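Dumped coords-v3.tsv below, it's TSV, N, CA, C and O atoms:
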chain	number	residue	atom	x	y	z
G	278	MET	N	83.32	113.15	93.76
G	278	MET	CA	84.64	112.91	94.29
G	278	MET	C	85.67	112.73	93.19
G	278	MET	O	86.61	111.99	93.33
G	279	ALA	N	85.48	113.38	92.10
G	279	ALA	CA	86.42	113.27	90.99
G	279	ALA	C	87.80	113.74	91.42
G	279	ALA	O	87.94	114.64	92.24
G	280	LEU	N	88.81	113.12	90.87
G	280	LEU	CA	90.17	113.47	91.22
G	280	LEU	C	90.47	114.94	91.01
G	280	LEU	O	91.10	115.57	91.84
G	281	LYS	N	90.02	115.50	89.91
G	281	LYS	CA	90.34	116.88	89.60
G	281	LYS	C	89.74	117.85	90.60
G	281	LYS	O	90.23	118.94	90.76
G	282	ASN	N	88.69	117.45	91.29
G	282	ASN	CA	88.01	118.35	92.21
G	282	ASN	C	88.33	118.07	93.67
G	282	ASN	O	87.83	118.73	94.55
G	283	THR	N	89.14	117.07	93.96
G	283	THR	CA	89.37	116.66	95.33
G	283	THR	C	90.37	117.55	96.06
G	283	THR	O	90.11	118.00	97.15
G	284	TYR	N	91.48	117.79	95.47
G	284	TYR	CA	92.54	118.57	96.08
G	284	TYR	C	93.11	119.52	95.03
G	284	TYR	O	92.81	119.40	93.85
G	285	ARG	N	93.99	120.41	95.49
G	285	ARG	CA	94.71	121.23	94.51
G	285	ARG	C	95.60	120.26	93.73
G	285	ARG	O	96.36	119.50	94.30
G	286	ARG	N	95.48	120.29	92.45
G	286	ARG	CA	96.20	119.33	91.60
G	286	ARG	C	97.09	120.04	90.60
G	286	ARG	O	96.77	121.10	90.10
G	287	ASN	N	98.19	119.38	90.32
G	287	ASN	CA	99.03	119.77	89.21
G	287	ASN	C	98.65	118.89	88.04
G	287	ASN	O	98.62	117.67	88.16
G	288	ILE	N	98.36	119.52	86.94
G	288	ILE	CA	98.05	118.78	85.72
G	288	ILE	C	99.28	118.88	84.83
G	288	ILE	O	99.71	119.97	84.46
G	289	ALA	N	99.85	117.74	84.49
G	289	ALA	CA	101.05	117.71	83.65
G	289	ALA	C	100.68	118.02	82.21
G	289	ALA	O	99.51	117.98	81.82
G	290	SER	N	101.68	118.29	81.41
G	290	SER	CA	101.45	118.62	80.00
G	290	SER	C	100.79	117.47	79.24
G	290	SER	O	100.12	117.69	78.24
G	291	ASP	N	100.96	116.24	79.73
G	291	ASP	CA	100.31	115.10	79.08
G	291	ASP	C	98.89	114.87	79.60
G	291	ASP	O	98.23	113.91	79.22
G	292	GLY	N	98.40	115.77	80.48
G	292	GLY	CA	97.04	115.71	80.97
G	292	GLY	C	96.85	114.86	82.22
G	292	GLY	O	95.76	114.78	82.76
G	293	LYS	N	97.91	114.20	82.69
G	293	LYS	CA	97.79	113.38	83.89
G	293	LYS	C	97.77	114.26	85.14
G	293	LYS	O	98.41	115.28	85.21
G	294	ILE	N	97.01	113.80	86.12
G	294	ILE	CA	96.92	114.49	87.40
G	294	ILE	C	98.06	113.99	88.27
G	294	ILE	O	98.21	112.79	88.50
G	295	GLU	N	98.86	114.92	88.76
G	295	GLU	CA	99.99	114.55	89.60
G	295	GLU	C	99.61	114.73	91.06
G	295	GLU	O	99.04	115.74	91.45
G	296	MET	N	99.91	113.71	91.86
G	296	MET	CA	99.64	113.76	93.29
G	296	MET	C	100.62	112.87	94.03
G	296	MET	O	101.23	111.99	93.43
G	297	SER	N	100.77	113.13	95.30
G	297	SER	CA	101.65	112.30	96.12
G	297	SER	C	100.94	110.98	96.46
G	297	SER	O	99.71	110.86	96.32
G	298	LEU	N	101.70	110.03	96.94
G	298	LEU	CA	101.13	108.76	97.36
G	298	LEU	C	100.14	108.98	98.50
G	298	LEU	O	99.07	108.37	98.53
G	299	GLN	N	100.46	109.87	99.44
G	299	GLN	CA	99.56	110.17	100.56
G	299	GLN	C	98.25	110.76	100.06
G	299	GLN	O	97.18	110.41	100.56
G	300	GLU	N	98.32	111.67	99.10
G	300	GLU	CA	97.10	112.26	98.53
G	300	GLU	C	96.25	111.20	97.86
G	300	GLU	O	95.03	111.18	98.00
G	301	PHE	N	96.89	110.30	97.12
G	301	PHE	CA	96.15	109.23	96.45
G	301	PHE	C	95.47	108.32	97.47
G	301	PHE	O	94.30	107.98	97.32
G	302	LYS	N	96.20	107.94	98.51
G	302	LYS	CA	95.61	107.09	99.55
G	302	LYS	C	94.41	107.77	100.20
G	302	LYS	O	93.38	107.15	100.42
G	303	LYS	N	94.56	109.05	100.49
G	303	LYS	CA	93.46	109.79	101.12
G	303	LYS	C	92.24	109.83	100.19
G	303	LYS	O	91.11	109.64	100.63
G	304	TRP	N	92.50	110.05	98.89
G	304	TRP	CA	91.40	110.09	97.93
G	304	TRP	C	90.71	108.73	97.83
G	304	TRP	O	89.49	108.63	97.92
G	305	ILE	N	91.48	107.65	97.66
G	305	ILE	CA	90.87	106.33	97.44
G	305	ILE	C	90.13	105.86	98.69
G	305	ILE	O	89.11	105.19	98.60
G	306	LYS	N	90.61	106.24	99.87
G	306	LYS	CA	89.93	105.82	101.10
G	306	LYS	C	88.56	106.46	101.24
G	306	LYS	O	87.72	105.97	101.99
G	307	ARG	N	88.29	107.52	100.52
G	307	ARG	CA	86.95	108.11	100.52
G	307	ARG	C	85.91	107.14	99.97
G	307	ARG	O	84.73	107.25	100.26
G	308	PHE	N	86.35	106.19	99.16
G	308	PHE	CA	85.45	105.22	98.55
G	308	PHE	C	85.27	103.98	99.42
G	308	PHE	O	84.48	103.11	99.09
G	309	ASP	N	85.99	103.88	100.51
G	309	ASP	CA	85.86	102.76	101.45
G	309	ASP	C	84.63	103.03	102.31
G	309	ASP	O	84.71	103.42	103.46
G	310	THR	N	83.47	102.81	101.72
G	310	THR	CA	82.21	103.21	102.34
G	310	THR	C	81.89	102.46	103.63
G	310	THR	O	81.25	103.01	104.51
G	311	ASP	N	82.35	101.23	103.75
G	311	ASP	CA	82.08	100.49	104.98
G	311	ASP	C	83.21	100.63	106.00
G	311	ASP	O	83.15	100.05	107.09
G	312	LYS	N	84.23	101.40	105.66
G	312	LYS	CA	85.35	101.73	106.57
G	312	LYS	C	86.04	100.49	107.14
G	312	LYS	O	86.47	100.47	108.28
G	313	ASP	N	86.19	99.46	106.29
G	313	ASP	CA	86.86	98.25	106.75
G	313	ASP	C	88.36	98.26	106.43
G	313	ASP	O	89.06	97.31	106.72
G	314	GLY	N	88.83	99.35	105.82
G	314	GLY	CA	90.25	99.46	105.50
G	314	GLY	C	90.64	98.79	104.20
G	314	GLY	O	91.82	98.74	103.84
G	315	LYS	N	89.66	98.24	103.48
G	315	LYS	CA	89.90	97.58	102.19
G	315	LYS	C	88.99	98.21	101.15
G	315	LYS	O	87.94	98.75	101.48
G	316	ILE	N	89.40	98.12	99.89
G	316	ILE	CA	88.59	98.61	98.78
G	316	ILE	C	87.99	97.40	98.07
G	316	ILE	O	88.72	96.55	97.56
G	317	SER	N	86.67	97.32	98.08
G	317	SER	CA	85.99	96.20	97.43
G	317	SER	C	85.86	96.48	95.93
G	317	SER	O	86.11	97.59	95.46
G	318	LYS	N	85.42	95.47	95.21
G	318	LYS	CA	85.17	95.61	93.78
G	318	LYS	C	84.16	96.73	93.52
G	318	LYS	O	84.34	97.55	92.64
G	319	GLU	N	83.12	96.77	94.33
G	319	GLU	CA	82.08	97.79	94.16
G	319	GLU	C	82.63	99.19	94.47
G	319	GLU	O	82.30	100.16	93.79
G	320	GLU	N	83.45	99.30	95.51
G	320	GLU	CA	84.03	100.60	95.87
G	320	GLU	C	84.99	101.08	94.78
G	320	GLU	O	85.02	102.27	94.45
G	321	LEU	N	85.76	100.15	94.20
G	321	LEU	CA	86.66	100.52	93.11
G	321	LEU	C	85.86	100.94	91.88
G	321	LEU	O	86.22	101.91	91.21
G	322	ARG	N	84.77	100.26	91.61
G	322	ARG	CA	83.91	100.66	90.49
G	322	ARG	C	83.42	102.09	90.67
G	322	ARG	O	83.35	102.86	89.72
G	323	GLU	N	83.04	102.46	91.88
G	323	GLU	CA	82.57	103.82	92.15
G	323	GLU	C	83.70	104.84	91.91
G	323	GLU	O	83.47	105.90	91.33
G	324	ALA	N	84.90	104.51	92.35
G	324	ALA	CA	86.04	105.41	92.12
G	324	ALA	C	86.27	105.59	90.62
G	324	ALA	O	86.51	106.70	90.15
G	325	ILE	N	86.19	104.50	89.88
G	325	ILE	CA	86.39	104.57	88.43
G	325	ILE	C	85.25	105.33	87.77
G	325	ILE	O	85.46	106.16	86.90
G	326	ARG	N	84.02	105.06	88.21
G	326	ARG	CA	82.86	105.73	87.63
G	326	ARG	C	82.98	107.25	87.73
G	326	ARG	O	82.59	107.96	86.82
G	327	THR	N	83.53	107.73	88.80
G	327	THR	CA	83.63	109.17	88.99
G	327	THR	C	84.81	109.79	88.25
G	327	THR	O	84.91	111.00	88.18
G	328	ASN	N	85.70	108.95	87.69
G	328	ASN	CA	86.91	109.48	87.08
G	328	ASN	C	87.20	109.02	85.67
G	328	ASN	O	88.13	109.49	85.05
G	329	VAL	N	86.41	108.10	85.14
G	329	VAL	CA	86.63	107.59	83.79
G	329	VAL	C	85.33	107.77	83.00
G	329	VAL	O	84.27	107.45	83.49
G	330	ASP	N	85.45	108.27	81.80
G	330	ASP	CA	84.27	108.51	80.97
G	330	ASP	C	83.99	107.37	80.00
G	330	ASP	O	84.88	106.60	79.66
G	331	GLY	N	82.75	107.30	79.58
G	331	GLY	CA	82.36	106.43	78.47
G	331	GLY	C	82.34	104.96	78.78
G	331	GLY	O	82.16	104.52	79.90
G	332	TRP	N	82.53	104.16	77.73
G	332	TRP	CA	82.38	102.72	77.79
G	332	TRP	C	83.44	102.05	78.66
G	332	TRP	O	83.28	100.92	79.10
G	333	LEU	N	84.55	102.74	78.94
G	333	LEU	CA	85.60	102.14	79.75
G	333	LEU	C	85.17	101.87	81.19
G	333	LEU	O	85.75	101.03	81.86
G	334	ARG	N	84.16	102.57	81.66
G	334	ARG	CA	83.72	102.39	83.05
G	334	ARG	C	83.41	100.94	83.37
G	334	ARG	O	83.89	100.40	84.36
G	335	ARG	N	82.59	100.30	82.56
G	335	ARG	CA	82.19	98.93	82.84
G	335	ARG	C	83.38	97.97	82.73
G	335	ARG	O	83.56	97.09	83.55
G	336	LEU	N	84.18	98.15	81.70
G	336	LEU	CA	85.33	97.28	81.49
G	336	LEU	C	86.31	97.37	82.64
G	336	LEU	O	86.72	96.38	83.20
G	337	LYS	N	86.68	98.57	83.02
G	337	LYS	CA	87.72	98.74	84.02
G	337	LYS	C	87.28	98.32	85.41
G	337	LYS	O	88.07	97.80	86.17
G	338	GLY	N	86.04	98.57	85.76
G	338	GLY	CA	85.58	98.24	87.10
G	338	GLY	C	85.67	96.76	87.42
G	338	GLY	O	86.10	96.38	88.49
G	339	SER	N	85.27	95.93	86.50
G	339	SER	CA	85.27	94.50	86.79
G	339	SER	C	86.57	93.82	86.40
G	339	SER	O	87.01	92.91	87.07
G	340	HIS	N	87.18	94.27	85.34
G	340	HIS	CA	88.36	93.60	84.81
G	340	HIS	C	89.62	93.86	85.63
G	340	HIS	O	90.37	92.95	85.92
G	341	HIS	N	89.83	95.10	86.02
G	341	HIS	CA	91.13	95.45	86.59
G	341	HIS	C	91.27	95.23	88.08
G	341	HIS	O	92.38	95.25	88.58
G	342	ILE	N	90.19	95.00	88.79
G	342	ILE	CA	90.40	94.69	90.21
G	342	ILE	C	91.18	93.38	90.33
G	342	ILE	O	91.95	93.20	91.26
G	343	LYS	N	91.04	92.51	89.36
G	343	LYS	CA	91.78	91.25	89.39
G	343	LYS	C	93.28	91.48	89.37
G	343	LYS	O	94.02	90.77	90.03
G	344	GLY	N	93.73	92.50	88.63
G	344	GLY	CA	95.15	92.80	88.59
G	344	GLY	C	95.66	93.38	89.89
G	344	GLY	O	96.80	93.14	90.30
G	345	ALA	N	94.84	94.16	90.58
G	345	ALA	CA	95.25	94.77	91.83
G	345	ALA	C	95.04	93.83	93.02
G	345	ALA	O	95.74	93.91	94.02
G	346	ASP	N	94.08	92.93	92.91
G	346	ASP	CA	93.73	92.01	94.00
G	346	ASP	C	94.58	90.75	93.90
G	346	ASP	O	94.15	89.73	93.38
G	347	ALA	N	95.79	90.80	94.42
G	347	ALA	CA	96.76	89.72	94.25
G	347	ALA	C	96.29	88.40	94.86
G	347	ALA	O	96.56	87.33	94.30
G	348	ASN	N	95.59	88.43	95.99
G	348	ASN	CA	95.19	87.17	96.62
G	348	ASN	C	93.80	86.70	96.19
G	348	ASN	O	93.33	85.66	96.64
G	349	GLY	N	93.12	87.47	95.34
G	349	GLY	CA	91.85	87.05	94.77
G	349	GLY	C	90.66	87.03	95.71
G	349	GLY	O	89.66	86.41	95.42
G	350	ASN	N	90.73	87.77	96.82
G	350	ASN	CA	89.62	87.76	97.78
G	350	ASN	C	88.54	88.81	97.49
G	350	ASN	O	87.58	88.93	98.24
G	351	GLY	N	88.71	89.58	96.41
G	351	GLY	CA	87.71	90.58	96.05
G	351	GLY	C	87.91	91.94	96.68
G	351	GLY	O	87.08	92.82	96.52
G	352	TYR	N	89.01	92.11	97.40
G	352	TYR	CA	89.31	93.38	98.07
G	352	TYR	C	90.75	93.79	97.81
G	352	TYR	O	91.63	92.94	97.66
G	353	ILE	N	90.98	95.10	97.81
G	353	ILE	CA	92.32	95.64	97.77
G	353	ILE	C	92.64	96.08	99.20
G	353	ILE	O	92.01	97.00	99.72
G	354	ASP	N	93.58	95.40	99.84
G	354	ASP	CA	93.94	95.77	101.20
G	354	ASP	C	95.28	96.52	101.19
G	354	ASP	O	95.85	96.77	100.13
G	355	GLU	N	95.76	96.88	102.35
G	355	GLU	CA	96.99	97.67	102.45
G	355	GLU	C	98.17	96.98	101.78
G	355	GLU	O	99.01	97.63	101.16
G	356	ASN	N	98.24	95.66	101.86
G	356	ASN	CA	99.34	94.91	101.25
G	356	ASN	C	99.29	94.94	99.72
G	356	ASN	O	100.31	94.72	99.07
G	357	GLU	N	98.13	95.19	99.15
G	357	GLU	CA	97.96	95.20	97.70
G	357	GLU	C	97.85	96.62	97.14
G	357	GLU	O	97.60	96.81	95.96
G	358	PHE	N	98.05	97.61	97.99
G	358	PHE	CA	97.83	98.99	97.59
G	358	PHE	C	98.73	99.41	96.43
G	358	PHE	O	98.31	100.16	95.55
G	359	ASN	N	99.97	98.93	96.39
G	359	ASN	CA	100.87	99.28	95.29
G	359	ASN	C	100.31	98.83	93.94
G	359	ASN	O	100.51	99.49	92.92
G	360	ASN	N	99.60	97.70	93.93
G	360	ASN	CA	98.95	97.23	92.71
G	360	ASN	C	97.89	98.23	92.26
G	360	ASN	O	97.71	98.49	91.07
G	361	LEU	N	97.16	98.79	93.24
G	361	LEU	CA	96.13	99.78	92.93
G	361	LEU	C	96.75	101.07	92.40
G	361	LEU	O	96.22	101.70	91.49
G	362	VAL	N	97.90	101.44	92.94
G	362	VAL	CA	98.61	102.63	92.45
G	362	VAL	C	99.00	102.42	90.99
G	362	VAL	O	98.80	103.29	90.14
G	363	GLU	N	99.54	101.25	90.67
G	363	GLU	CA	99.90	100.94	89.28
G	363	GLU	C	98.67	101.01	88.38
G	363	GLU	O	98.73	101.55	87.27
G	364	PHE	N	97.55	100.46	88.84
G	364	PHE	CA	96.31	100.51	88.08
G	364	PHE	C	95.90	101.95	87.81
G	364	PHE	O	95.55	102.32	86.69
G	365	ALA	N	95.93	102.78	88.83
G	365	ALA	CA	95.52	104.18	88.68
G	365	ALA	C	96.42	104.93	87.71
G	365	ALA	O	95.94	105.73	86.90
G	366	GLN	N	97.71	104.66	87.78
G	366	GLN	CA	98.63	105.35	86.87
G	366	GLN	C	98.42	104.90	85.42
G	366	GLN	O	98.55	105.70	84.50
G	367	LYS	N	98.05	103.66	85.21
G	367	LYS	CA	97.83	103.15	83.85
G	367	LYS	C	96.46	103.52	83.30
G	367	LYS	O	96.30	103.71	82.10
G	368	ASN	N	95.44	103.59	84.18
G	368	ASN	CA	94.07	103.66	83.71
G	368	ASN	C	93.26	104.88	84.12
G	368	ASN	O	92.22	105.14	83.53
G	369	LEU	N	93.67	105.61	85.13
G	369	LEU	CA	92.88	106.73	85.62
G	369	LEU	C	93.52	108.09	85.37
G	369	LEU	O	93.04	109.10	85.86
G	370	GLY	N	94.61	108.13	84.62
G	370	GLY	CA	95.24	109.40	84.31
G	370	GLY	C	95.90	110.06	85.50
G	370	GLY	O	95.91	111.28	85.64
G	371	VAL	N	96.48	109.25	86.38
G	371	VAL	CA	97.14	109.72	87.59
G	371	VAL	C	98.64	109.45	87.48
G	371	VAL	O	99.05	108.41	86.96
G	372	ARG	N	99.43	110.35	88.00
G	372	ARG	CA	100.87	110.12	88.14
G	372	ARG	C	101.22	110.38	89.59
G	372	ARG	O	100.98	111.46	90.11
G	373	ILE	N	101.76	109.37	90.25
G	373	ILE	CA	102.17	109.50	91.64
G	373	ILE	C	103.60	110.05	91.65
G	373	ILE	O	104.49	109.48	91.03
G	374	ILE	N	103.76	111.16	92.35
G	374	ILE	CA	105.06	111.81	92.43
G	374	ILE	C	105.45	111.99	93.89
G	374	ILE	O	104.61	111.92	94.79
G	375	SER	N	106.72	112.20	94.12
G	375	SER	CA	107.17	112.52	95.48
G	375	SER	C	107.53	114.00	95.52
G	375	SER	O	108.08	114.53	94.57
G	376	TYR	N	107.13	114.62	96.59
G	376	TYR	CA	107.39	116.05	96.74
G	376	TYR	C	108.67	116.28	97.49
G	376	TYR	O	109.08	115.58	98.32
Would it be possible to restate this file's structure as structure tokens?
Amino acid sequence: MALKNTYRRNIASDGKIEMSLQEFKKWIKRFDTDKDGKISKEELREAIRTNVDGWLRRLKGSHHIKGADANGNGYIDENEFNNLVEFAQKNLGVRIISY
């Protein structure tokens, strides 16, 4: 489920994958394996594992959910989704654009 293989993507000159907010939401919801409408720490780790190479996988999976999980309950819900977008743009090589 790597980002580059999910949908038709525009790759910017800086190497970032450009997608709309709707495309990003659709992609990230694929990792909501229990379909509860929230992204757990484990589900976010899987998303990162499929899109980040090397030693950063372990660091980013556990460390950065804290930044996106504003209420500290271990899940990213709809109210915290903008935090996840910021995380993806900083750490997963994604740029959210409007069409």
Using all atoms listed in the file, the best pick from G:Ala345, G:Phe301, G:Glu355, G:Gly292 as closest to Lys315 in chain G would be G:Glu355
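Residue nearest Ala365 in chain G within the list G:Ile294, G:Thr310, G:Glu323, G:Ala347: G:Ile294 [criterion: smallest interatomic distance, only N, CA, C and O atoms].
Going from CA of Asn359 in chain G over to CA of Val371 in chain G, you cover 13.5 Å.
If you measure from each of G:Ala324, G:Gly349, G:Ile374, G:Gly344 to Phe308 in chain G using only N, CA, C and O atoms, the closest one turns out to be G:Ala324.
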Looking at all atoms listed in the file, which of G:Gln299, G:Ile353, G:Asn348, G:Ala289 is the one that sits closest to Ile316 in chain G? G:Ile353
Residues near Glu320 in chain G, cut-off 12 Å, only C-alpha atoms, skip fewer than 2 positions along chain, as a ChimeraX atom specification: /G:305-318,322-327,338-339,342,351-353
Close residues, Glu295 in chain G itself excluded, 5 Å, all atoms listed in the file, min 2 positions apart in chain, as a ChimeraX atom specification: /G:286-288,293,297,372
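In this model, the gap between CA of Ile373 in chain G and CA of Glu300 in chain G comes to 9.0 Å.
As for atom O of Gly370 in chain G and atom C of Asp291 in chain G, they are spaced 7.6 Å apart.
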